>>> print(open('target-v3.txt').read())   # compact mmCIF, C-alpha atoms
# COMPACT_ATOMS: atom_id res chain seq x y z
CA MET A 38 -6.58 38.33 -54.04
CA ARG A 39 -8.53 35.09 -53.96
CA VAL A 40 -10.43 33.28 -56.68
CA ARG A 41 -12.75 30.30 -56.58
CA ILE A 42 -12.66 28.04 -59.64
CA LEU A 43 -15.42 25.53 -60.23
CA VAL A 44 -14.68 22.58 -62.52
CA SER A 45 -17.45 20.23 -63.63
CA PHE A 46 -18.19 17.80 -66.43
CA LYS A 47 -19.53 19.20 -69.67
CA ASP A 48 -23.26 18.64 -70.09
CA SER A 49 -22.54 16.17 -72.90
CA VAL A 50 -20.43 13.96 -70.61
CA LEU A 51 -22.05 11.40 -68.33
CA ASP A 52 -21.31 12.03 -64.67
CA PRO A 53 -21.69 8.68 -62.87
CA GLN A 54 -20.97 10.20 -59.46
CA GLY A 55 -23.65 12.84 -59.88
CA GLN A 56 -26.06 10.13 -61.06
CA THR A 57 -25.33 8.03 -58.00
CA VAL A 58 -25.95 10.98 -55.67
CA LYS A 59 -29.19 11.74 -57.51
CA ASN A 60 -30.34 8.13 -57.18
CA ALA A 61 -29.52 8.16 -53.46
CA LEU A 62 -31.52 11.35 -52.99
CA HIS A 63 -34.46 9.81 -54.86
CA THR A 64 -34.27 6.74 -52.64
CA MET A 65 -34.45 9.05 -49.63
CA GLY A 66 -37.65 10.55 -50.99
CA TYR A 67 -36.37 13.83 -52.45
CA SER A 68 -38.45 13.46 -55.54
CA ALA A 69 -38.05 17.11 -56.58
CA ILE A 70 -34.36 16.54 -57.35
CA LYS A 71 -34.22 16.45 -61.11
CA ASP A 72 -30.50 16.15 -61.73
CA VAL A 73 -27.18 16.28 -59.89
CA ARG A 74 -23.81 17.15 -61.36
CA GLN A 75 -20.70 16.78 -59.24
CA GLY A 76 -17.61 18.93 -59.64
CA LYS A 77 -14.47 20.22 -57.98
CA VAL A 78 -13.79 23.53 -56.28
CA PHE A 79 -10.39 25.20 -56.12
CA GLU A 80 -9.71 28.28 -54.01
CA VAL A 81 -6.56 29.96 -55.18
CA GLU A 82 -4.72 32.77 -53.45
CA LEU A 83 -2.93 35.15 -55.82
CA ASP A 84 -0.12 37.49 -55.04
CA ARG A 85 1.52 40.41 -56.87
CA VAL A 86 -0.87 40.46 -59.83
CA THR A 87 -3.31 43.04 -61.08
CA LYS A 88 -6.95 42.10 -61.40
CA LYS A 89 -6.61 42.03 -65.17
CA ASP A 90 -3.56 39.76 -65.08
CA ALA A 91 -5.35 37.56 -62.58
CA GLU A 92 -8.13 36.94 -65.09
CA ALA A 93 -5.69 35.78 -67.75
CA LEU A 94 -3.74 33.71 -65.25
CA VAL A 95 -6.82 31.92 -63.91
CA ALA A 96 -8.09 31.16 -67.40
CA GLU A 97 -4.70 29.73 -68.28
CA ILE A 98 -4.30 27.43 -65.28
CA ALA A 99 -7.91 26.31 -65.45
CA HIS A 100 -7.57 25.37 -69.10
CA LYS A 101 -4.11 23.85 -68.84
CA VAL A 102 -4.17 22.07 -65.49
CA LEU A 103 -7.28 22.25 -63.30
CA ALA A 104 -9.74 21.12 -65.96
CA ASN A 105 -9.39 18.66 -68.82
CA PRO A 106 -11.10 20.61 -71.63
CA ILE A 107 -12.08 17.38 -73.40
CA ILE A 108 -14.52 16.43 -70.64
CA GLU A 109 -14.72 19.39 -68.28
CA LYS A 110 -15.75 23.04 -68.19
CA TYR A 111 -14.99 25.69 -65.60
CA THR A 112 -16.26 28.93 -64.16
CA TRP A 113 -14.57 31.19 -61.67
CA GLU A 114 -15.09 34.27 -59.53
CA PHE A 115 -13.18 36.59 -57.22
CA ILE A 116 -13.99 35.86 -53.60
CA LYS A 117 -13.22 37.51 -50.27
CA ALA A 118 -10.27 36.11 -48.37
CA PRO A 119 -11.31 34.25 -45.23
CA SER A 120 -11.52 36.49 -42.14
CA GLY A 121 -8.27 36.93 -40.26
CA LYS A 122 -6.25 37.24 -43.46
CA MET B 195 16.37 -3.86 -77.89
CA LYS B 196 16.44 -1.34 -75.05
CA PHE B 197 13.29 -0.44 -73.13
CA GLY B 198 12.95 2.40 -70.64
CA VAL B 199 10.32 2.15 -67.91
CA VAL B 200 9.38 5.56 -66.49
CA GLN B 201 8.93 5.87 -62.72
CA PHE B 202 6.69 8.52 -61.20
CA PRO B 203 5.99 8.87 -57.50
CA GLY B 204 3.09 6.45 -57.12
CA SER B 205 3.96 4.14 -60.02
CA ASN B 206 3.50 0.57 -58.79
CA CYS B 207 3.89 -1.59 -61.90
CA ASP B 208 7.34 -0.22 -62.77
CA TYR B 209 9.25 -3.20 -61.40
CA ASP B 210 6.76 -5.74 -62.78
CA THR B 211 7.12 -4.21 -66.23
CA HIS B 212 10.91 -4.04 -65.94
CA TYR B 213 10.94 -7.68 -64.81
CA ALA B 214 8.73 -8.82 -67.70
CA LEU B 215 10.95 -7.06 -70.24
CA LYS B 216 14.27 -8.07 -68.76
CA GLN B 217 13.73 -11.51 -67.22
CA VAL B 218 10.87 -12.90 -69.29
CA LEU B 219 11.49 -11.34 -72.69
CA LYS B 220 15.29 -11.10 -72.23
CA GLN B 221 15.59 -7.53 -73.44
CA ASP B 222 17.72 -4.69 -72.17
CA ALA B 223 15.59 -2.56 -69.83
CA VAL B 224 16.29 0.43 -67.63
CA LEU B 225 14.24 2.44 -65.16
CA LEU B 226 13.89 6.15 -65.92
CA TRP B 227 13.14 8.53 -63.05
CA HIS B 228 10.56 11.14 -64.02
CA LYS B 229 12.75 14.06 -62.86
CA GLU B 230 15.47 13.18 -65.32
CA HIS B 231 15.92 14.78 -68.73
CA ASP B 232 17.59 11.88 -70.49
CA LEU B 233 15.95 8.87 -72.11
CA LYS B 234 19.30 7.05 -72.01
CA GLY B 235 19.12 5.94 -75.61
CA VAL B 236 16.12 3.62 -75.22
CA ASP B 237 14.28 2.30 -78.28
CA CYS B 238 10.89 2.15 -76.58
CA VAL B 239 9.50 4.12 -73.63
CA VAL B 240 7.01 2.35 -71.37
CA LEU B 241 4.80 4.33 -69.00
CA PRO B 242 3.78 1.74 -66.40
CA GLY B 243 0.65 1.37 -64.31
CA GLY B 244 0.10 2.78 -60.88
CA PHE B 245 -1.25 5.92 -59.26
CA SER B 246 1.17 8.67 -60.22
CA TYR B 247 0.82 11.54 -57.74
CA GLY B 248 -1.95 9.62 -56.01
CA ASP B 249 -4.26 10.26 -58.97
CA TYR B 250 -4.73 13.74 -57.46
CA LEU B 251 -6.66 16.19 -59.64
CA ARG B 252 -7.21 13.58 -62.39
CA ALA B 253 -5.40 10.32 -63.15
CA GLY B 254 -2.20 11.25 -64.99
CA ALA B 255 -2.86 15.00 -64.82
CA ILE B 256 0.19 15.89 -62.71
CA ALA B 257 2.59 13.27 -64.08
CA ARG B 258 2.28 14.75 -67.56
CA PHE B 259 4.16 17.84 -66.36
CA SER B 260 7.17 15.83 -65.16
CA PRO B 261 10.47 16.93 -66.77
CA LEU B 262 11.01 13.59 -68.48
CA MET B 263 7.64 13.82 -70.21
CA LYS B 264 8.97 16.67 -72.37
CA GLU B 265 11.58 14.24 -73.66
CA VAL B 266 8.97 11.53 -74.11
CA LYS B 267 6.81 13.92 -76.10
CA SER B 268 9.57 14.84 -78.53
CA PHE B 269 10.70 11.19 -78.69
CA ALA B 270 7.14 10.29 -79.76
CA ARG B 271 6.94 13.19 -82.22
CA ASN B 272 10.09 11.81 -83.87
CA GLY B 273 8.50 8.40 -84.29
CA GLY B 274 9.83 6.73 -81.14
CA LEU B 275 7.75 3.89 -79.73
CA VAL B 276 5.79 4.74 -76.59
CA LEU B 277 3.62 2.25 -74.70
CA GLY B 278 1.33 3.43 -71.91
CA ILE B 279 -0.18 0.81 -69.64
CA CYS B 280 -3.16 1.71 -67.43
CA ASN B 281 -1.98 4.84 -65.59
CA GLY B 282 0.52 5.22 -68.42
CA PHE B 283 -2.42 5.33 -70.86
CA GLN B 284 -4.05 8.01 -68.71
CA VAL B 285 -0.83 10.03 -68.75
CA LEU B 286 -0.67 9.79 -72.57
CA LEU B 287 -4.24 11.10 -72.81
CA GLU B 288 -3.52 14.01 -70.46
CA LEU B 289 -0.34 14.72 -72.38
CA GLY B 290 -2.28 14.88 -75.62
CA LEU B 291 -0.26 12.16 -77.36
CA LEU B 292 -3.49 10.17 -77.62
CA PRO B 293 -7.00 11.56 -78.20
CA GLY B 294 -9.79 11.45 -75.61
CA ALA B 295 -10.03 11.21 -71.83
CA MET B 296 -10.85 8.77 -69.05
CA LEU B 297 -13.93 8.90 -66.83
CA ARG B 298 -14.70 6.89 -63.71
CA ASN B 299 -15.84 3.34 -64.43
CA LYS B 300 -19.57 3.25 -65.15
CA ASN B 301 -20.32 1.25 -61.99
CA LEU B 302 -18.06 3.50 -59.86
CA LYS B 303 -16.04 0.50 -58.78
CA PHE B 304 -12.35 -0.15 -58.86
CA LEU B 305 -12.15 -3.14 -61.21
CA CYS B 306 -9.42 -5.72 -60.64
CA GLN B 307 -10.08 -8.79 -62.75
CA HIS B 308 -9.13 -10.67 -65.90
CA VAL B 309 -10.85 -9.42 -69.03
CA HIS B 310 -10.84 -10.45 -72.66
CA ILE B 311 -9.74 -8.05 -75.34
CA ARG B 312 -9.75 -8.53 -79.08
CA ILE B 313 -7.00 -7.39 -81.41
CA GLU B 314 -8.82 -4.99 -83.72
CA ASN B 315 -5.83 -4.06 -85.80
CA GLY B 316 -3.13 -6.67 -86.29
CA ALA B 317 -0.94 -4.50 -88.48
CA THR B 318 0.43 -2.21 -85.78
CA ALA B 319 3.86 -1.99 -84.15
CA PHE B 320 2.25 -3.38 -81.00
CA THR B 321 0.25 -6.27 -82.48
CA ARG B 322 2.19 -7.48 -85.53
CA ALA B 323 3.09 -10.73 -83.71
CA GLY B 324 -0.62 -11.37 -83.22
CA LYS B 325 -3.51 -11.60 -85.60
CA GLU B 326 -6.56 -9.46 -86.07
CA GLY B 327 -9.45 -11.02 -84.17
CA ARG B 328 -7.25 -12.86 -81.71
CA VAL B 329 -8.67 -12.74 -78.18
CA LEU B 330 -6.27 -12.03 -75.31
CA ARG B 331 -6.97 -12.70 -71.63
CA ILE B 332 -5.25 -9.98 -69.61
CA PRO B 333 -5.98 -8.44 -66.20
CA ILE B 334 -7.20 -4.91 -65.58
CA ALA B 335 -6.92 -2.91 -62.36
CA HIS B 336 -8.34 0.59 -62.54
CA PHE B 337 -10.97 3.04 -61.40
CA GLU B 338 -10.75 5.44 -64.33
CA GLY B 339 -10.80 3.37 -67.50
CA ASN B 340 -14.10 4.49 -68.96
CA TYR B 341 -12.83 5.83 -72.27
CA TYR B 342 -14.48 8.92 -73.65
CA ALA B 343 -13.95 11.03 -76.75
CA PRO B 344 -16.28 13.65 -78.23
CA PRO B 345 -18.38 12.26 -81.15
CA GLN B 346 -16.30 13.75 -83.95
CA ALA B 347 -13.00 12.65 -82.38
CA LEU B 348 -14.42 9.17 -81.84
CA ALA B 349 -15.51 8.95 -85.48
CA ASP B 350 -12.01 9.99 -86.59
CA ILE B 351 -10.40 7.40 -84.32
CA GLU B 352 -12.54 4.66 -85.84
CA LYS B 353 -12.02 5.88 -89.37
CA LYS B 354 -8.25 5.93 -89.01
CA ARG B 355 -8.32 2.48 -87.41
CA GLN B 356 -6.66 3.71 -84.25
CA VAL B 357 -8.59 1.31 -82.01
CA VAL B 358 -6.18 -1.53 -81.30
CA PHE B 359 -8.06 -3.45 -78.59
CA ARG B 360 -11.72 -3.76 -77.60
CA TYR B 361 -13.26 -5.44 -74.56
CA CYS B 362 -15.00 -8.61 -75.70
CA ASP B 363 -16.39 -11.88 -74.37
CA PRO B 364 -14.23 -15.06 -74.37
CA ALA B 365 -15.47 -15.84 -77.89
CA GLY B 366 -14.37 -12.46 -79.19
CA ARG B 367 -17.80 -10.87 -79.44
CA VAL B 368 -17.75 -7.17 -78.62
CA THR B 369 -20.78 -6.95 -76.33
CA GLU B 370 -22.12 -4.46 -73.82
CA GLY B 371 -21.76 -7.12 -71.12
CA ALA B 372 -18.04 -7.43 -71.83
CA ASN B 373 -17.59 -3.67 -71.62
CA VAL B 374 -16.73 -3.74 -67.92
CA ASN B 375 -15.94 -0.06 -67.41
CA GLY B 376 -18.37 1.55 -69.86
CA SER B 377 -15.84 2.70 -72.45
CA LEU B 378 -17.20 4.15 -75.67
CA HIS B 379 -17.13 1.52 -78.42
CA ASN B 380 -15.61 -0.98 -75.91
CA ILE B 381 -12.25 0.70 -76.41
CA ALA B 382 -9.53 -0.95 -74.30
CA GLY B 383 -6.52 0.35 -76.20
CA LEU B 384 -5.79 2.82 -78.96
CA MET B 385 -2.86 4.32 -80.82
CA ASN B 386 -2.06 7.68 -82.34
CA ARG B 387 -2.44 8.28 -86.05
CA ALA B 388 1.24 7.70 -86.76
CA GLY B 389 0.97 4.33 -85.01
CA ASN B 390 3.99 4.71 -82.73
CA VAL B 391 2.14 5.50 -79.49
CA LEU B 392 -0.18 2.96 -77.86
CA GLY B 393 -2.18 3.20 -74.67
CA LEU B 394 -4.14 0.34 -73.13
CA MET B 395 -5.88 -0.22 -69.81
CA PRO B 396 -5.14 -3.98 -69.40
CA HIS B 397 -1.75 -4.96 -67.96
CA PRO B 398 0.26 -7.11 -70.42
CA GLU B 399 3.13 -7.38 -67.92
CA ARG B 400 0.77 -9.16 -65.53
CA ALA B 401 0.05 -11.72 -68.24
CA SER B 402 3.57 -12.51 -69.35
CA GLU B 403 4.18 -15.88 -67.68
CA ALA B 404 2.11 -19.06 -67.35
CA LEU B 405 2.62 -18.83 -63.59
CA LEU B 406 0.60 -15.61 -63.60
CA GLY B 407 -2.38 -17.35 -65.22
CA SER B 408 -1.89 -16.02 -68.73
CA GLU B 409 0.90 -15.38 -71.21
CA ASP B 410 -1.32 -13.46 -73.61
CA GLY B 411 0.25 -10.12 -72.77
CA ARG B 412 3.55 -11.16 -74.25
CA VAL B 413 2.31 -10.67 -77.79
CA ILE B 414 2.34 -6.90 -77.31
CA PHE B 415 5.97 -6.81 -76.18
CA GLU B 416 6.97 -9.44 -78.74
CA SER B 417 5.42 -7.35 -81.52
CA VAL B 418 7.54 -4.38 -80.51
CA ILE B 419 10.67 -6.54 -80.32
CA GLN B 420 9.96 -8.16 -83.69
CA GLY B 421 9.37 -4.77 -85.28
CA PHE B 422 12.65 -3.51 -83.92
CA ALA B 423 14.50 -6.34 -85.64
CA ALA B 424 12.43 -6.21 -88.84
CA PRO B 425 12.96 -2.67 -90.25
CA ARG B 426 16.58 -3.41 -91.08
CA ARG B 427 15.58 -6.40 -93.18
CA ARG B 428 12.73 -4.49 -94.74
CA GLY B 429 14.94 -1.46 -95.21
CA ALA B 430 17.51 -3.55 -97.05
CA LYS B 431 14.84 -5.03 -99.24
CA ALA B 432 13.32 -1.64 -99.91
CA ALA B 433 16.72 -0.31 -100.94
CA ARG B 434 17.12 -3.17 -103.39
CA THR B 435 13.69 -3.03 -104.93
CA GLY B 436 13.08 0.68 -104.54
CA ALA B 437 9.72 -0.17 -102.96
CA ARG B 438 8.43 1.44 -99.81
CA HIS B 439 7.45 -0.78 -96.93
CA ASP B 440 5.80 1.22 -94.19
>>> encode(input="target-v3.txt", output="structure tokens")
Amino acid sequence: MRVRILVSFKDSVLDPQGQTVKNALHTMGYSAIKDVRQGKVFEVELDRVTKKDAEALVAEIAHKVLANPIIEKYTWEFIKAPSGK
Amino acid sequence: MKFGVVQFPGSNCDYDTHYALKQVLKQDAVLLWHKEHDLKGVDCVVLPGGFSYGDYLRAGAIARFSPLMKEVKSFARNGGLVLGICNGFQVLLELGLLPGAMLRNKNLKFLCQHVHIRIENGATAFTRAGKEGRVLRIPIAHFEGNYYAPPQALADIEKKRQVVFRYCDPAGRVTEGANVNGSLHNIAGLMNRAGNVLGLMPHPERASEALLGSEDGRVIFESVIQGFAAPRRRGAKAARTGARHD
């Protein structure tokens, strides 16, 4: 079982990296780009857990380790394992 | 007085800090490996600067789970003195011993330079040898020193006078221009409510000898050393007069 966890800054927190990317895109002429937020992606392979336990487990590690809840939020989803696995 | 300097993989100011405490300030000092479970009877724990675990995930985010940090946490909860410098400050934030978090510097640059910081609270265990308003010239070297706390937490920090140092200009004015990394309220260092845990981004150990260009950092260590000697005198006086001296 594989999950993808997306961690990004809360909307209330300034994201200087996202701002810099946005400014670069504007400089290149992509005027339709209104905002850019940068985050981190984790793909986690789980073993020997039920789907229900996986949900609790992912929420726990995301809250405790992968994200800093003071500045970051997270979302996650089950994904297909890469082909060949 | 006995200091313990914690070493994580990636710490790089551990020996500088140990040297400043032992050779410059003539105190007993030991190095504490992060995998250990014993604080070896130290009176003050120092988390030094560096890049613990390569700053992977977030600065300080992995180091906080080191076995020794459990001991440091209970040491702090029991009133033990803990000083976090730079990466050590980041570890204390991740550990939850201090409120808030660090973001990348506002200009997205690694900043390695001397800065001026003002003592905002001269009545702490880490500043008692100094005076409120005194300006210190101490180097910084960090990428993630842009202090952030949610509005309510920030208001509480200010109200409880937990801000110990703010970035300022050489004259002591707290200006936007002096706020090199973009920290909220120019915060360069803050303590917990109990006042026994301090984190700061500037490196006092790098400003402990005239040869290094500044001796201003010594006041932080000297305050701790003075305070260690003082409680016995104050305690004796308190016992005589029945008064409390906190």
>>> residues_around(input="target-v3.txt", residues="A:Phe115", least_positions_apart="5", cutoff="8 Å", atoms="only C-alpha atoms", output="NGL selection string")
:A and (38-41)
>>> closest_atom_pairs(input="target-v3.txt", of="chain A", to="chain B", cutoff="10 Å", atoms="only C-alpha atoms", output="tab-separated table")
residue	atom	partner	partner_atom	distance
A:Phe46	CA	B:Leu297	CA	9.9
A:Ser49	CA	B:Pro344	CA	8.6
A:Val50	CA	B:Tyr342	CA	8.4
A:Leu51	CA	B:Leu297	CA	8.6
A:Asp52	CA	B:Leu297	CA	8.3
A:Pro53	CA	B:Lys300	CA	6.3
A:Gln54	CA	B:Leu302	CA	7.3
A:Thr57	CA	B:Leu302	CA	8.8
A:Lys77	CA	B:Leu251	CA	8.9
A:Lys101	CA	B:Ala255	CA	9.8
A:Val102	CA	B:Ala255	CA	7.2
A:Leu103	CA	B:Leu251	CA	7.1
A:Ala104	CA	B:Leu251	CA	8.6
A:Asn105	CA	B:Glu288	CA	7.7
A:Pro106	CA	B:Ala295	CA	9.5
A:Ile107	CA	B:Ala295	CA	6.7
A:Ile108	CA	B:Ala295	CA	7.0
>>> closest_residue(input="target-v3.txt", among="B:Ala323, B:Leu286, B:Val266, B:Ala214", to="B:Ile419", atoms="all atoms listed in the file")
B:Ala323
>>> atom_distance(input="target-v3.txt", atom1="atom CA of B:Gly290", atom2="atom CA of B:Pro396")
20.1 Å
>>> residues_near_point(input="target-v3.txt", point="(-18.4, 22.2, -69.8)", cutoff="6 Å", atoms="all atoms listed in the file", output="PyMOL selection string")
chain A and resi 46-47+109-110
>>> residues_around(input="target-v3.txt", residues="B:Arg271", least_positions_apart="2", cutoff="10 Å", atoms="only C-alpha atoms", output="list in words")
Glu265, Val266, Lys267, Ser268, Phe269, Gly273, Gly274, Leu275, Leu291, Ala388, Asn390 and Val391 of chain B
>>> write_last_selection(input="target-v3.txt", atoms="C-alpha atoms", output="PDB file, in the frame of the given file")
ATOM      1  CA  GLU B 265      11.580  14.240 -73.660  1.00  0.00           C
ATOM      2  CA  VAL B 266       8.970  11.530 -74.110  1.00  0.00           C
ATOM      3  CA  LYS B 267       6.810  13.920 -76.100  1.00  0.00           C
ATOM      4  CA  SER B 268       9.570  14.840 -78.530  1.00  0.00           C
ATOM      5  CA  PHE B 269      10.700  11.190 -78.690  1.00  0.00           C
ATOM      6  CA  GLY B 273       8.500   8.400 -84.290  1.00  0.00           C
ATOM      7  CA  GLY B 274       9.830   6.730 -81.140  1.00  0.00           C
ATOM      8  CA  LEU B 275       7.750   3.890 -79.730  1.00  0.00           C
ATOM      9  CA  LEU B 291      -0.260  12.160 -77.360  1.00  0.00           C
ATOM     10  CA  ALA B 388       1.240   7.700 -86.760  1.00  0.00           C
ATOM     11  CA  ASN B 390       3.990   4.710 -82.730  1.00  0.00           C
ATOM     12  CA  VAL B 391       2.140   5.500 -79.490  1.00  0.00           C
TER      13      VAL B 391
END
>>> residues_around(input="target-v3.txt", residues="B:Gly411", least_positions_apart="2", cutoff="8 Å", atoms="only C-alpha atoms", output="MDAnalysis selection string")
chainID B and resid 330:332 397:402 408:409 413:415
>>> decode(input="target-v3.txt", residues="stretch 49-76 of chain A", atoms="N, CA and C atoms", output="compact mmCIF listing (two decimals), in the first residue's frame")
# COMPACT_ATOMS: atom_id res chain seq x y z
N SER A 49 -1.61 31.30 5.87
CA SER A 49 -1.27 32.49 6.66
C SER A 49 0.24 32.71 6.77
N VAL A 50 1.02 31.72 6.30
CA VAL A 50 2.48 31.82 6.43
C VAL A 50 3.09 32.21 5.08
N LEU A 51 3.96 33.21 5.12
CA LEU A 51 4.64 33.65 3.91
C LEU A 51 5.56 32.53 3.40
N ASP A 52 5.53 32.33 2.09
CA ASP A 52 6.36 31.29 1.48
C ASP A 52 7.35 31.96 0.53
N PRO A 53 8.52 32.35 1.03
CA PRO A 53 9.46 33.11 0.19
C PRO A 53 9.93 32.34 -1.05
N GLN A 54 10.00 31.02 -0.95
CA GLN A 54 10.41 30.25 -2.13
C GLN A 54 9.33 30.30 -3.22
N GLY A 55 8.09 30.12 -2.80
CA GLY A 55 6.99 30.20 -3.76
C GLY A 55 6.93 31.58 -4.41
N GLN A 56 7.17 32.61 -3.58
CA GLN A 56 7.16 34.00 -4.10
C GLN A 56 8.24 34.19 -5.16
N THR A 57 9.41 33.62 -4.88
CA THR A 57 10.53 33.78 -5.80
C THR A 57 10.23 33.08 -7.13
N VAL A 58 9.64 31.89 -7.04
CA VAL A 58 9.26 31.17 -8.27
C VAL A 58 8.22 31.98 -9.05
N LYS A 59 7.25 32.53 -8.31
CA LYS A 59 6.21 33.34 -8.96
C LYS A 59 6.84 34.53 -9.68
N ASN A 60 7.74 35.21 -8.99
CA ASN A 60 8.39 36.39 -9.59
C ASN A 60 9.17 36.01 -10.84
N ALA A 61 9.84 34.84 -10.79
CA ALA A 61 10.60 34.38 -11.95
C ALA A 61 9.66 34.12 -13.12
N LEU A 62 8.53 33.48 -12.82
CA LEU A 62 7.56 33.19 -13.88
C LEU A 62 7.01 34.48 -14.49
N HIS A 63 6.77 35.47 -13.63
CA HIS A 63 6.30 36.77 -14.14
C HIS A 63 7.33 37.39 -15.05
N THR A 64 8.60 37.31 -14.63
CA THR A 64 9.69 37.87 -15.43
C THR A 64 9.74 37.20 -16.81
N MET A 65 9.40 35.92 -16.83
CA MET A 65 9.42 35.18 -18.09
C MET A 65 8.19 35.45 -18.94
N GLY A 66 7.26 36.22 -18.41
CA GLY A 66 6.10 36.62 -19.20
C GLY A 66 4.83 35.83 -18.90
N TYR A 67 4.87 34.92 -17.93
CA TYR A 67 3.66 34.17 -17.58
C TYR A 67 2.77 35.00 -16.67
N SER A 68 2.11 35.95 -17.27
CA SER A 68 1.38 36.92 -16.47
C SER A 68 0.12 36.33 -15.84
N ALA A 69 -0.33 35.18 -16.33
CA ALA A 69 -1.55 34.58 -15.78
C ALA A 69 -1.28 33.87 -14.44
N ILE A 70 -0.01 33.72 -14.08
CA ILE A 70 0.30 33.07 -12.81
C ILE A 70 -0.02 34.03 -11.67
N LYS A 71 -0.99 33.65 -10.87
CA LYS A 71 -1.42 34.56 -9.81
C LYS A 71 -0.65 34.33 -8.51
N ASP A 72 -0.40 33.07 -8.21
CA ASP A 72 0.32 32.78 -6.96
C ASP A 72 0.98 31.41 -7.08
N VAL A 73 2.08 31.24 -6.35
CA VAL A 73 2.77 29.95 -6.31
C VAL A 73 3.08 29.62 -4.85
N ARG A 74 2.73 28.42 -4.45
CA ARG A 74 3.09 27.92 -3.13
C ARG A 74 3.94 26.67 -3.33
N GLN A 75 5.05 26.61 -2.62
CA GLN A 75 5.93 25.45 -2.78
C GLN A 75 5.79 24.53 -1.58
N GLY A 76 5.84 23.23 -1.83
CA GLY A 76 5.72 22.27 -0.73
C GLY A 76 6.61 21.08 -0.91
